[in-house]
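Source file: final_31.txt (compact mmCIF, C-alpha atoms)
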```
# COMPACT_ATOMS: atom_id res chain seq x y z
CA MET A 1 25.45 -29.35 2.95
CA THR A 2 22.59 -29.79 0.49
CA LYS A 3 22.98 -31.70 -2.73
CA SER A 4 22.63 -28.50 -4.76
CA ARG A 5 25.58 -26.97 -2.89
CA GLU A 6 27.60 -30.16 -2.81
CA SER A 7 30.53 -30.38 -5.19
CA TRP A 8 29.31 -31.80 -8.47
CA VAL A 9 32.22 -34.27 -8.43
CA LYS A 10 30.90 -35.81 -5.19
CA GLN A 11 27.48 -36.32 -6.80
CA ILE A 12 28.84 -38.68 -9.45
CA THR A 13 27.66 -42.28 -9.10
CA PRO A 14 29.83 -45.29 -10.03
CA VAL A 15 27.55 -45.98 -13.02
CA GLN A 16 27.99 -42.43 -14.30
CA ARG A 17 31.74 -42.57 -13.73
CA ARG A 18 32.18 -45.79 -15.68
CA ALA A 19 29.99 -44.55 -18.54
CA LEU A 20 32.02 -41.35 -18.84
CA LEU A 21 35.33 -43.19 -18.54
CA SER A 22 34.48 -45.76 -21.21
CA ALA A 23 33.21 -43.18 -23.70
CA SER A 24 36.16 -40.87 -22.99
CA LEU A 25 38.78 -43.58 -23.40
CA GLY A 26 37.12 -44.78 -26.58
CA TRP A 27 37.07 -41.24 -28.00
CA MET A 28 40.65 -40.56 -26.87
CA LEU A 29 41.99 -43.67 -28.58
CA ASP A 30 39.81 -42.96 -31.62
CA SER A 31 41.54 -39.58 -31.84
CA MET A 32 44.97 -41.14 -31.44
CA ASP A 33 44.36 -43.67 -34.18
CA ILE A 34 42.87 -41.24 -36.67
CA MET A 35 45.48 -38.52 -36.09
CA LEU A 36 48.41 -40.88 -36.54
CA TYR A 37 47.80 -40.36 -40.26
CA ALA A 38 48.17 -36.58 -39.92
CA MET A 39 51.33 -36.99 -37.86
CA VAL A 40 53.08 -39.18 -40.45
CA LEU A 41 51.49 -37.54 -43.49
CA ALA A 42 54.67 -35.85 -44.70
CA HIS A 43 56.48 -39.24 -44.57
CA LEU A 44 53.64 -41.05 -46.34
CA MET A 45 53.76 -38.43 -49.10
CA GLY A 46 57.45 -39.13 -49.58
CA HIS A 47 57.16 -42.93 -49.41
CA PHE A 48 54.23 -43.28 -51.82
CA GLY A 49 55.00 -40.21 -53.92
CA MET A 50 51.67 -38.54 -53.05
CA SER A 51 50.89 -34.94 -53.89
CA THR A 52 49.12 -32.72 -51.37
CA ALA A 53 45.89 -33.25 -53.32
CA THR A 54 46.19 -37.06 -53.15
CA ALA A 55 47.11 -36.96 -49.47
CA GLY A 56 44.09 -34.76 -48.81
CA LEU A 57 41.85 -37.11 -50.79
CA MET A 58 42.99 -39.97 -48.55
CA GLY A 59 41.82 -38.02 -45.52
CA SER A 60 38.55 -37.21 -47.24
CA LEU A 61 37.84 -40.90 -47.90
CA THR A 62 38.27 -41.62 -44.19
CA LEU A 63 35.87 -38.84 -43.25
CA PHE A 64 33.26 -40.00 -45.74
CA ALA A 65 33.48 -43.54 -44.38
CA SER A 66 33.17 -42.20 -40.83
CA ALA A 67 29.93 -40.49 -41.81
CA VAL A 68 28.54 -43.82 -42.99
CA GLY A 69 29.79 -45.50 -39.82
CA GLY A 70 28.27 -42.83 -37.60
CA VAL A 71 24.81 -43.19 -39.12
CA LEU A 72 25.04 -46.98 -39.09
CA PHE A 73 26.22 -47.23 -35.49
CA GLY A 74 23.63 -44.69 -34.36
CA LEU A 75 20.95 -47.09 -35.59
CA ILE A 76 22.76 -50.02 -33.97
CA ALA A 77 23.02 -48.14 -30.66
CA ASP A 78 19.30 -47.34 -30.63
CA ARG A 79 18.38 -50.90 -31.52
CA PHE A 80 20.89 -53.05 -29.62
CA GLY A 81 22.36 -50.74 -26.99
CA ARG A 82 24.94 -48.01 -26.51
CA VAL A 83 27.56 -50.29 -24.95
CA LYS A 84 27.44 -52.96 -27.67
CA ALA A 85 27.79 -50.31 -30.39
CA LEU A 86 30.68 -48.70 -28.52
CA ILE A 87 32.58 -51.99 -28.27
CA ALA A 88 32.09 -52.82 -31.95
CA SER A 89 33.24 -49.40 -33.13
CA ILE A 90 36.43 -49.49 -31.02
CA LEU A 91 37.34 -52.93 -32.35
CA ILE A 92 36.89 -51.80 -35.96
CA TYR A 93 38.99 -48.65 -35.80
CA SER A 94 41.74 -50.39 -33.80
CA VAL A 95 42.16 -53.36 -36.14
CA PHE A 96 42.25 -51.28 -39.31
CA THR A 97 44.61 -48.67 -37.90
CA GLY A 98 47.09 -51.47 -37.35
CA ALA A 99 46.37 -52.76 -40.85
CA CYS A 100 47.45 -49.38 -42.30
CA GLY A 101 50.99 -50.32 -41.30
CA LEU A 102 50.83 -53.29 -43.70
CA SER A 103 49.96 -51.16 -46.75
CA GLN A 104 52.13 -51.78 -49.81
CA ASN A 105 50.56 -49.13 -52.04
CA ILE A 106 48.18 -46.18 -52.00
CA VAL A 107 45.14 -48.31 -52.85
CA GLN A 108 45.67 -50.63 -49.89
CA LEU A 109 46.19 -47.67 -47.57
CA ALA A 110 42.98 -46.09 -48.86
CA VAL A 111 40.98 -49.29 -48.25
CA PHE A 112 42.24 -49.61 -44.67
CA ARG A 113 41.54 -45.91 -44.00
CA VAL A 114 37.98 -46.32 -45.25
CA LEU A 115 37.36 -49.33 -42.99
CA LEU A 116 38.96 -47.48 -40.07
CA GLY A 117 36.59 -44.59 -40.71
CA LEU A 118 33.53 -46.80 -40.19
CA GLY A 119 34.55 -47.49 -36.60
CA MET A 120 35.72 -43.94 -36.01
CA GLY A 121 32.31 -42.51 -36.88
CA GLY A 122 30.47 -45.07 -34.79
CA GLU A 123 32.36 -44.38 -31.56
CA TRP A 124 31.10 -40.83 -31.08
CA ALA A 125 27.43 -41.62 -31.70
CA SER A 126 27.33 -44.47 -29.19
CA GLY A 127 29.60 -42.84 -26.60
CA ALA A 128 27.81 -39.48 -26.60
CA ALA A 129 24.41 -41.13 -26.17
CA LEU A 130 25.76 -43.30 -23.34
CA VAL A 131 27.07 -40.30 -21.40
CA ALA A 132 24.09 -38.03 -22.09
CA GLU A 133 21.59 -40.62 -20.87
CA THR A 134 23.57 -41.50 -17.76
CA TRP A 135 24.26 -37.98 -16.45
CA PRO A 136 21.69 -35.48 -15.05
CA ALA A 137 20.77 -32.26 -16.85
CA GLU A 138 22.68 -29.92 -14.51
CA HIS A 139 25.98 -31.71 -15.17
CA ARG A 140 25.42 -33.06 -18.69
CA GLY A 141 27.40 -30.29 -20.37
CA LYS A 142 30.37 -30.89 -18.08
CA ALA A 143 30.28 -34.65 -18.67
CA LEU A 144 30.10 -34.37 -22.45
CA GLY A 145 32.77 -31.67 -22.34
CA LEU A 146 35.07 -34.01 -20.44
CA MET A 147 34.31 -36.82 -22.87
CA GLN A 148 34.99 -34.57 -25.85
CA SER A 149 38.20 -33.27 -24.24
CA SER A 150 39.71 -36.73 -24.47
CA TRP A 151 40.09 -36.10 -28.22
CA ALA A 152 42.83 -33.58 -27.39
CA ILE A 153 44.59 -36.14 -25.21
CA GLY A 154 44.41 -38.67 -28.02
CA TYR A 155 45.80 -36.15 -30.51
CA ALA A 156 48.67 -35.46 -28.10
CA LEU A 157 49.22 -39.21 -27.71
CA ALA A 158 49.44 -39.50 -31.50
CA ALA A 159 52.13 -36.82 -31.47
CA GLY A 160 54.00 -38.56 -28.64
CA VAL A 161 53.78 -41.98 -30.31
CA THR A 162 55.09 -40.48 -33.55
CA ALA A 163 58.02 -38.80 -31.83
CA LEU A 164 58.99 -42.05 -30.07
CA VAL A 165 58.27 -44.64 -32.76
CA LEU A 166 58.80 -42.94 -36.12
CA PRO A 167 62.58 -42.39 -35.81
CA ARG A 168 63.04 -46.02 -34.71
CA LEU A 169 60.45 -48.11 -36.56
CA GLY A 170 59.23 -45.82 -39.31
CA TRP A 171 55.66 -44.92 -40.21
CA ARG A 172 54.55 -48.58 -40.27
CA GLY A 173 55.49 -48.98 -36.62
CA VAL A 174 53.45 -45.87 -35.77
CA PHE A 175 50.31 -47.46 -37.25
CA PHE A 176 50.94 -50.79 -35.51
CA VAL A 177 50.65 -49.02 -32.14
CA GLY A 178 47.10 -48.11 -33.16
CA VAL A 179 45.82 -51.65 -32.61
CA LEU A 180 46.25 -51.41 -28.82
CA PRO A 181 42.86 -49.70 -28.12
CA ALA A 182 41.15 -53.01 -28.88
CA LEU A 183 42.13 -54.10 -25.36
CA LEU A 184 39.81 -51.45 -23.90
CA THR A 185 36.75 -53.39 -25.05
CA LEU A 186 37.48 -56.16 -22.55
CA TRP A 187 36.94 -53.74 -19.64
CA ILE A 188 33.89 -52.07 -21.20
CA ARG A 189 32.18 -55.41 -21.72
CA ARG A 190 32.63 -56.38 -18.07
CA ARG A 191 32.04 -53.08 -16.21
CA VAL A 192 29.81 -50.72 -18.23
CA GLU A 193 26.04 -51.10 -18.31
CA GLU A 194 23.35 -49.74 -20.59
CA PRO A 195 21.63 -46.53 -19.40
CA GLU A 196 18.37 -47.11 -17.54
CA ILE A 197 16.58 -44.61 -19.77
CA TRP A 198 17.56 -46.61 -22.86
CA ARG A 199 16.42 -49.90 -21.30
CA LYS A 200 13.00 -48.40 -20.53
CA SER A 201 12.73 -46.92 -24.01
CA SER A 202 13.67 -50.27 -25.52
CA GLU A 203 10.93 -52.00 -23.56
CA LYS A 204 8.38 -49.42 -24.72
CA ARG A 205 9.53 -49.87 -28.32
CA LYS A 206 8.71 -53.56 -28.08
CA ASP A 207 5.13 -52.58 -27.26
CA ALA A 208 5.02 -49.92 -29.98
CA PRO A 209 7.47 -51.09 -32.66
CA ALA A 210 6.28 -48.56 -35.25
CA LYS A 211 7.78 -45.70 -33.23
CA GLY A 212 11.38 -44.62 -33.58
CA GLY A 213 13.79 -45.10 -36.44
CA LEU A 214 15.93 -42.76 -38.48
CA GLY A 215 13.01 -41.58 -40.61
CA GLU A 216 11.42 -39.82 -37.63
CA ILE A 217 14.14 -37.13 -37.52
CA PHE A 218 12.97 -35.96 -40.96
CA ARG A 219 9.40 -35.37 -39.77
CA ARG A 220 7.91 -32.67 -37.61
CA PRO A 221 8.68 -31.56 -34.97
CA PHE A 222 12.30 -32.70 -35.46
CA LEU A 223 12.99 -31.74 -39.10
CA LYS A 224 14.12 -28.16 -38.42
CA ASN A 225 16.54 -29.22 -35.68
CA THR A 226 17.87 -32.02 -37.90
CA LEU A 227 18.63 -29.56 -40.71
CA VAL A 228 20.14 -26.90 -38.44
CA THR A 229 22.43 -29.26 -36.52
CA SER A 230 23.51 -31.07 -39.70
CA LEU A 231 24.40 -27.83 -41.50
CA MET A 232 26.25 -26.23 -38.62
CA ASN A 233 28.18 -29.42 -37.93
CA ALA A 234 29.08 -29.74 -41.61
CA GLY A 235 30.60 -26.27 -41.45
CA THR A 236 32.56 -26.87 -38.27
CA MET A 237 33.72 -30.28 -39.47
CA PHE A 238 34.95 -28.81 -42.75
CA ALA A 239 36.81 -26.13 -40.83
CA TRP A 240 38.31 -28.55 -38.28
CA TRP A 241 39.46 -31.27 -40.66
CA GLY A 242 40.65 -28.78 -43.25
CA LEU A 243 42.74 -27.05 -40.61
CA PHE A 244 43.97 -29.70 -38.18
CA THR A 245 44.65 -32.42 -40.76
CA TRP A 246 47.16 -30.09 -42.38
CA ILE A 247 48.70 -28.22 -39.42
CA PRO A 248 51.27 -30.99 -38.65
CA ALA A 249 52.31 -31.08 -42.31
CA TYR A 250 52.32 -27.27 -42.43
CA LEU A 251 54.72 -27.18 -39.50
CA GLY A 252 56.90 -30.00 -40.85
CA LEU A 253 57.13 -29.27 -44.58
CA PRO A 254 60.16 -27.22 -45.71
CA PRO A 255 59.64 -23.54 -46.53
CA ASP A 256 60.07 -24.12 -50.28
CA GLN A 257 56.95 -26.36 -50.08
CA GLY A 258 54.93 -23.79 -48.16
CA GLY A 259 55.68 -25.07 -44.65
CA ILE A 260 57.57 -23.88 -41.58
CA GLY A 261 60.34 -26.51 -41.71
CA LEU A 262 60.29 -27.91 -38.17
CA SER A 263 61.87 -31.26 -37.31
CA VAL A 264 59.77 -34.34 -36.45
CA VAL A 265 60.44 -33.96 -32.72
CA LYS A 266 59.74 -30.21 -32.72
CA THR A 267 56.55 -30.64 -34.77
CA SER A 268 55.33 -33.30 -32.33
CA SER A 269 56.21 -31.07 -29.37
CA TRP A 270 54.31 -28.13 -30.84
CA ILE A 271 51.29 -30.33 -31.49
CA ILE A 272 51.34 -31.53 -27.87
CA VAL A 273 51.46 -27.90 -26.68
CA MET A 274 48.52 -27.13 -28.97
CA GLN A 275 46.54 -30.00 -27.45
CA THR A 276 46.74 -28.46 -24.01
CA GLY A 277 44.72 -25.56 -25.38
CA MET A 278 42.36 -27.96 -27.10
CA TRP A 279 41.74 -29.89 -23.88
CA PHE A 280 40.96 -26.74 -21.90
CA GLY A 281 38.67 -25.60 -24.73
CA TYR A 282 36.63 -28.79 -24.54
CA VAL A 283 36.35 -28.83 -20.76
CA SER A 284 35.69 -25.12 -20.30
CA PHE A 285 32.86 -25.27 -22.84
CA GLY A 286 31.04 -27.81 -20.70
CA PHE A 287 31.25 -25.67 -17.55
CA ILE A 288 30.37 -22.44 -19.37
CA CYS A 289 27.39 -23.87 -21.23
CA ASP A 290 25.98 -25.38 -18.03
CA ARG A 291 26.05 -21.87 -16.55
CA VAL A 292 25.19 -19.45 -19.41
CA GLY A 293 23.55 -21.70 -21.98
CA ARG A 294 24.46 -24.00 -24.87
CA LYS A 295 23.66 -21.74 -27.83
CA ARG A 296 25.40 -18.57 -26.65
CA THR A 297 28.60 -20.42 -25.75
CA TYR A 298 28.64 -22.33 -29.03
CA ILE A 299 28.35 -19.21 -31.18
CA PHE A 300 31.01 -17.30 -29.21
CA TYR A 301 33.54 -20.11 -29.64
CA LEU A 302 32.97 -20.19 -33.41
CA PHE A 303 33.48 -16.45 -33.88
CA ALA A 304 36.68 -16.60 -31.83
CA ALA A 305 37.92 -19.59 -33.87
CA ALA A 306 37.42 -17.73 -37.16
CA ALA A 307 39.41 -14.74 -35.91
CA LEU A 308 42.27 -16.91 -34.68
CA VAL A 309 42.54 -18.82 -37.97
CA PHE A 310 43.10 -15.53 -39.80
CA LEU A 311 45.74 -14.55 -37.26
CA TYR A 312 47.51 -17.95 -37.25
CA SER A 313 47.65 -18.04 -41.05
CA SER A 314 49.06 -14.54 -41.28
CA VAL A 315 52.19 -14.98 -39.17
CA ARG A 316 55.34 -16.91 -40.01
CA GLN A 317 57.46 -16.34 -36.91
CA ASN A 318 58.00 -19.55 -34.97
CA THR A 319 57.44 -17.98 -31.56
CA ALA A 320 54.14 -16.42 -32.63
CA LEU A 321 52.91 -19.71 -34.10
CA LEU A 322 53.87 -21.60 -30.96
CA LEU A 323 52.01 -19.13 -28.73
CA LEU A 324 48.93 -18.90 -30.94
CA GLY A 325 48.57 -22.67 -31.35
CA PRO A 326 46.91 -23.43 -27.99
CA PHE A 327 44.45 -20.54 -28.37
CA LEU A 328 43.53 -21.65 -31.90
CA ALA A 329 42.95 -25.19 -30.63
CA PHE A 330 40.99 -23.90 -27.59
CA PHE A 331 38.33 -22.09 -29.62
CA GLY A 332 38.76 -24.03 -32.88
CA THR A 333 37.81 -27.31 -31.21
CA GLY A 334 36.09 -26.65 -27.87
CA TYR A 335 32.67 -26.04 -29.43
CA PHE A 336 32.39 -29.78 -30.22
CA SER A 337 31.55 -30.29 -26.53
CA GLY A 338 28.34 -28.40 -27.18
CA PHE A 339 27.18 -30.48 -30.10
CA GLY A 340 26.68 -33.65 -28.09
CA THR A 341 24.85 -31.75 -25.36
CA ILE A 342 22.60 -29.83 -27.76
CA THR A 343 21.60 -32.84 -29.86
CA ALA A 344 21.01 -35.01 -26.78
CA GLU A 345 18.54 -32.43 -25.48
CA ILE A 346 16.54 -31.76 -28.65
CA PHE A 347 15.89 -35.40 -29.65
CA PRO A 348 14.00 -38.05 -27.60
CA THR A 349 15.55 -41.26 -26.28
CA ARG A 350 14.00 -43.58 -28.87
CA ILE A 351 15.87 -41.82 -31.70
CA ARG A 352 18.65 -40.01 -29.80
CA ALA A 353 21.64 -42.07 -30.96
CA SER A 354 20.25 -42.27 -34.51
CA ALA A 355 19.77 -38.50 -34.59
CA GLN A 356 23.18 -37.80 -33.07
CA GLY A 357 24.83 -40.30 -35.39
CA PHE A 358 23.15 -38.76 -38.44
CA THR A 359 23.56 -35.05 -37.65
CA TYR A 360 27.15 -35.42 -36.45
CA ASN A 361 28.28 -37.71 -39.21
CA ILE A 362 26.35 -36.36 -42.16
CA GLY A 363 28.22 -33.17 -41.35
CA ARG A 364 31.43 -35.17 -41.30
CA GLY A 365 30.51 -36.73 -44.64
CA LEU A 366 29.80 -33.36 -46.23
CA SER A 367 33.09 -32.09 -44.81
CA ALA A 368 34.99 -35.03 -46.29
CA LEU A 369 36.12 -32.72 -49.10
CA ALA A 370 37.95 -30.50 -46.60
CA PRO A 371 41.39 -32.23 -46.53
CA PHE A 372 41.28 -32.63 -50.32
CA THR A 373 40.13 -29.04 -50.89
CA ILE A 374 42.78 -27.52 -48.62
CA GLY A 375 45.45 -29.77 -50.17
CA THR A 376 44.39 -28.75 -53.68
CA LEU A 377 44.36 -25.04 -52.82
CA ALA A 378 47.76 -25.45 -51.18
CA LYS A 379 49.27 -26.55 -54.51
CA THR A 380 48.53 -23.10 -55.93
CA TYR A 381 48.32 -20.72 -52.98
CA GLY A 382 50.16 -22.49 -50.16
CA LEU A 383 48.72 -23.87 -46.94
CA SER A 384 48.69 -20.59 -45.03
CA LEU A 385 46.32 -18.97 -47.54
CA ALA A 386 44.28 -22.16 -47.95
CA PHE A 387 43.55 -22.06 -44.21
CA TYR A 388 41.50 -18.87 -44.73
CA LEU A 389 38.75 -21.05 -46.19
CA THR A 390 38.37 -22.84 -42.86
CA ALA A 391 37.75 -19.49 -41.14
CA ALA A 392 34.90 -18.85 -43.57
CA PHE A 393 33.28 -22.14 -42.58
CA PHE A 394 33.56 -21.29 -38.89
CA LEU A 395 31.63 -18.09 -39.61
CA PHE A 396 29.03 -20.01 -41.63
CA SER A 397 28.36 -22.39 -38.75
CA ALA A 398 28.07 -19.52 -36.28
CA ALA A 399 25.39 -17.96 -38.47
CA VAL A 400 23.45 -21.23 -38.74
CA ALA A 401 23.67 -21.81 -34.97
CA PHE A 402 21.48 -18.73 -34.32
CA ALA A 403 18.54 -20.94 -35.36
CA LEU A 404 19.15 -23.36 -32.46
CA PRO A 405 16.78 -23.55 -29.48
CA GLU A 406 18.28 -23.01 -26.02
CA THR A 407 18.11 -26.26 -24.02
CA LYS A 408 19.99 -25.43 -20.82
CA GLY A 409 18.59 -27.38 -17.87
CA LYS A 410 16.38 -29.68 -19.93
CA SER A 411 15.76 -33.16 -18.50
CA LEU A 412 15.79 -36.08 -20.92
CA ASP A 413 12.55 -37.98 -21.47
```
As a first step, turn the structure in this file into structure tokens.
Amino acid sequence: MTKSRESWVKQITPVQRRALLSASLGWMLDSMDIMLYAMVLAHLMGHFGMSTATAGLMGSLTLFASAVGGVLFGLIADRFGRVKALIASILIYSVFTGACGLSQNIVQLAVFRVLLGLGMGGEWASGAALVAETWPAEHRGKALGLMQSSWAIGYALAAGVTALVLPRLGWRGVFFVGVLPALLTLWIRRRVEEPEIWRKSSEKRKDAPAKGGLGEIFRRPFLKNTLVTSLMNAGTMFAWWGLFTWIPAYLGLPPDQGGIGLSVVKTSSWIIVMQTGMWFGYVSFGFICDRVGRKRTYIFYLFAAAALVFLYSSVRQNTALLLLGPFLAFFGTGYFSGFGTITAEIFPTRIRASAQGFTYNIGRGLSALAPFTIGTLAKTYGLSLAFYLTAAFFLFSAAVAFALPETKGKSLD
């Protein structure tokens, strides 16, 4: 059997496996820590007396901080290495998730959420670059899809932790669980190595120190791709955070407050069911884009997501919402697998992590208004109508994505 016909799983080397595992676990636990806030949001609103607008603003502050962290850690990853940046980001988001459980007022909670956001943003930039540079072109989409899919597992873990811990230890105990990912860094430090392509690029940069740096992505020939990827990611980020930050609260709030009125356990169960669809969306994107192309797959997912948001927001029957949830999560999240692949293939190694950190996280920063905007609209129109705005942003990003180049099969320099 030739290598081309051999199962792609059998072609994976130990170095590639450890790189994917470390980035995936870091992203999974990042998701768990960040989504613990969404899972206990209704209880935080009651404890601190927060309105939906204030609760949304808290989420927006975290997203803005994550944008800063993503840009910062992208620079760190290009300068000092993907693995070192990955370790530092995991430590930051773990420590300050646990610190959220110590909050005595809204201001303290906001400060801890901002600091958590710095690490949250940094994890994706360093992890995506690590995987992209370790895996070959023909399997890069699959690898980054698998890495991205771990977000769904982390979201489901957040729901499971909430269901187990919240009734017994309250919302503070839920946040304390979030410090456990710090233990992962011990394994990463010992077993994961820097990509060979980065080591070679680093050596070249020593001989030509003027090359590289964040400023290069704003010059030709990279400026157009920087603008396109930043805009389309801003739209998808606004849609995702505006929608999925509020879905747990939407399911859990009583009907007289615009929600569905599910119990804590039932809300957590529904979220876990939704994450199965999200996981398959992430993974399937990687396989599809390796076969039919990055751009075409990305745009299709966004159009499907917009249609499903309209449908999900229009029904109130519990059974319909339960059945639609996994499909909404499948298309409304799976496209993120494409972003890491696309940006890895349109930027060179010397600026790859910086470019990915900027384009991914400047979009996240611009979308920081999403939780606040949806929460503010919900005060007047209710959450179900406010969700329509997220569908509009999915459509906006699909339109912008038509300007992308197709990079299927491209080898990294």
Inset, instruction - Would you please work out which residue, of A:Ala370, A:Ile346, A:Val9, A:Ala23, is nearest to A:Thr134 when using all atoms listed in the file? - result: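 Counting all atoms listed in the file, the residue closest to A:Thr134 is A:Ala23.
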Inset, instruction - Compare A:Val192, A:Ala156, A:Ala353, A:Val273 by their minimum atom-to-atom distance to A:Ile87, counting only C-alpha atoms, and give me the closest one. - result: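 Among the listed residues, A:Val192 lies closest to A:Ile87.
For the set A:Phe310, A:Phe222, A:Trp124, A:Phe112, the residue with the smallest atom-to-atom gap to A:Pro348 is A:Phe222, counting only C-alpha atoms.
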Inset, instruction - Counting all atoms listed in the file, figure out which residue out of A:Leu321, A:Ala19, A:Ser268, A:Leu36 gets nearest to A:Gly160. - result: A:Ser268
Extract, using only C-alpha atoms, all DNA, RNA and protein residues at most 7 Å from stretch 71-81 of chain A, discarding same-chain residues fewer than 6 positions from it, and format them as a PDB file with C-alpha atoms, keeping the file's coordinate frame.
```pdb
ATOM      1  CA  GLY A 122      30.470 -45.070 -34.790  1.00  0.00           C
ATOM      2  CA  ALA A 125      27.430 -41.620 -31.700  1.00  0.00           C
ATOM      3  CA  SER A 126      27.330 -44.470 -29.190  1.00  0.00           C
ATOM      4  CA  GLU A 194      23.350 -49.740 -20.590  1.00  0.00           C
ATOM      5  CA  ARG A 350      14.000 -43.580 -28.870  1.00  0.00           C
ATOM      6  CA  ILE A 351      15.870 -41.820 -31.700  1.00  0.00           C
ATOM      7  CA  ALA A 353      21.640 -42.070 -30.960  1.00  0.00           C
ATOM      8  CA  SER A 354      20.250 -42.270 -34.510  1.00  0.00           C
ATOM      9  CA  GLY A 357      24.830 -40.300 -35.390  1.00  0.00           C
ATOM     10  CA  PHE A 358      23.150 -38.760 -38.440  1.00  0.00           C
ATOM     11  CA  ASN A 361      28.280 -37.710 -39.210  1.00  0.00           C
TER      12      ASN A 361
END
```
Inset, instruction - State, in Å with one decimal place, the distance from atom CA of A:Leu389 to atom CA of A:Trp240. - result: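 If I compute the distance from atom CA of A:Leu389 to atom CA of A:Trp240, I get 10.9 Å.
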Could you please fill out stretch 56-72 of chain A with N, CA and C atoms and send it back as a CSV table (one decimal), in the coordinates of the input?
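And here is the file that came out, part.csv:
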```csv
chain,number,residue,atom,x,y,z
A,56,GLY,N,45.3,-35.3,-49.3
A,56,GLY,CA,44.1,-34.8,-48.8
A,56,GLY,C,42.9,-35.6,-49.2
A,57,LEU,N,42.9,-36.2,-50.4
A,57,LEU,CA,41.8,-37.1,-50.8
A,57,LEU,C,41.8,-38.3,-49.9
A,58,MET,N,42.9,-38.8,-49.5
A,58,MET,CA,43.0,-40.0,-48.6
A,58,MET,C,42.3,-39.6,-47.2
A,59,GLY,N,42.5,-38.4,-46.7
A,59,GLY,CA,41.8,-38.0,-45.5
A,59,GLY,C,40.3,-37.9,-45.7
A,60,SER,N,40.0,-37.4,-46.9
A,60,SER,CA,38.6,-37.2,-47.2
A,60,SER,C,37.8,-38.5,-47.3
A,61,LEU,N,38.5,-39.6,-47.8
A,61,LEU,CA,37.8,-40.9,-47.9
A,61,LEU,C,37.5,-41.4,-46.5
A,62,THR,N,38.5,-41.2,-45.6
A,62,THR,CA,38.3,-41.6,-44.2
A,62,THR,C,37.1,-40.9,-43.6
A,63,LEU,N,37.0,-39.6,-43.8
A,63,LEU,CA,35.9,-38.8,-43.2
A,63,LEU,C,34.5,-39.3,-43.8
A,64,PHE,N,34.5,-39.5,-45.1
A,64,PHE,CA,33.3,-40.0,-45.7
A,64,PHE,C,32.8,-41.3,-45.1
A,65,ALA,N,33.8,-42.2,-45.0
A,65,ALA,CA,33.5,-43.5,-44.4
A,65,ALA,C,33.0,-43.4,-42.9
A,66,SER,N,33.6,-42.4,-42.2
A,66,SER,CA,33.2,-42.2,-40.8
A,66,SER,C,31.7,-41.7,-40.7
A,67,ALA,N,31.3,-40.9,-41.8
A,67,ALA,CA,29.9,-40.5,-41.8
A,67,ALA,C,29.0,-41.7,-41.9
A,68,VAL,N,29.3,-42.6,-42.8
A,68,VAL,CA,28.5,-43.8,-43.0
A,68,VAL,C,28.5,-44.6,-41.7
A,69,GLY,N,29.7,-44.8,-41.1
A,69,GLY,CA,29.8,-45.5,-39.8
A,69,GLY,C,29.0,-44.9,-38.7
A,70,GLY,N,29.0,-43.5,-38.6
A,70,GLY,CA,28.3,-42.8,-37.6
A,70,GLY,C,26.8,-43.0,-37.7
A,71,VAL,N,26.2,-43.0,-38.9
A,71,VAL,CA,24.8,-43.2,-39.1
A,71,VAL,C,24.5,-44.6,-38.8
A,72,LEU,N,25.3,-45.6,-39.3
A,72,LEU,CA,25.0,-47.0,-39.1
A,72,LEU,C,25.1,-47.3,-37.6
```
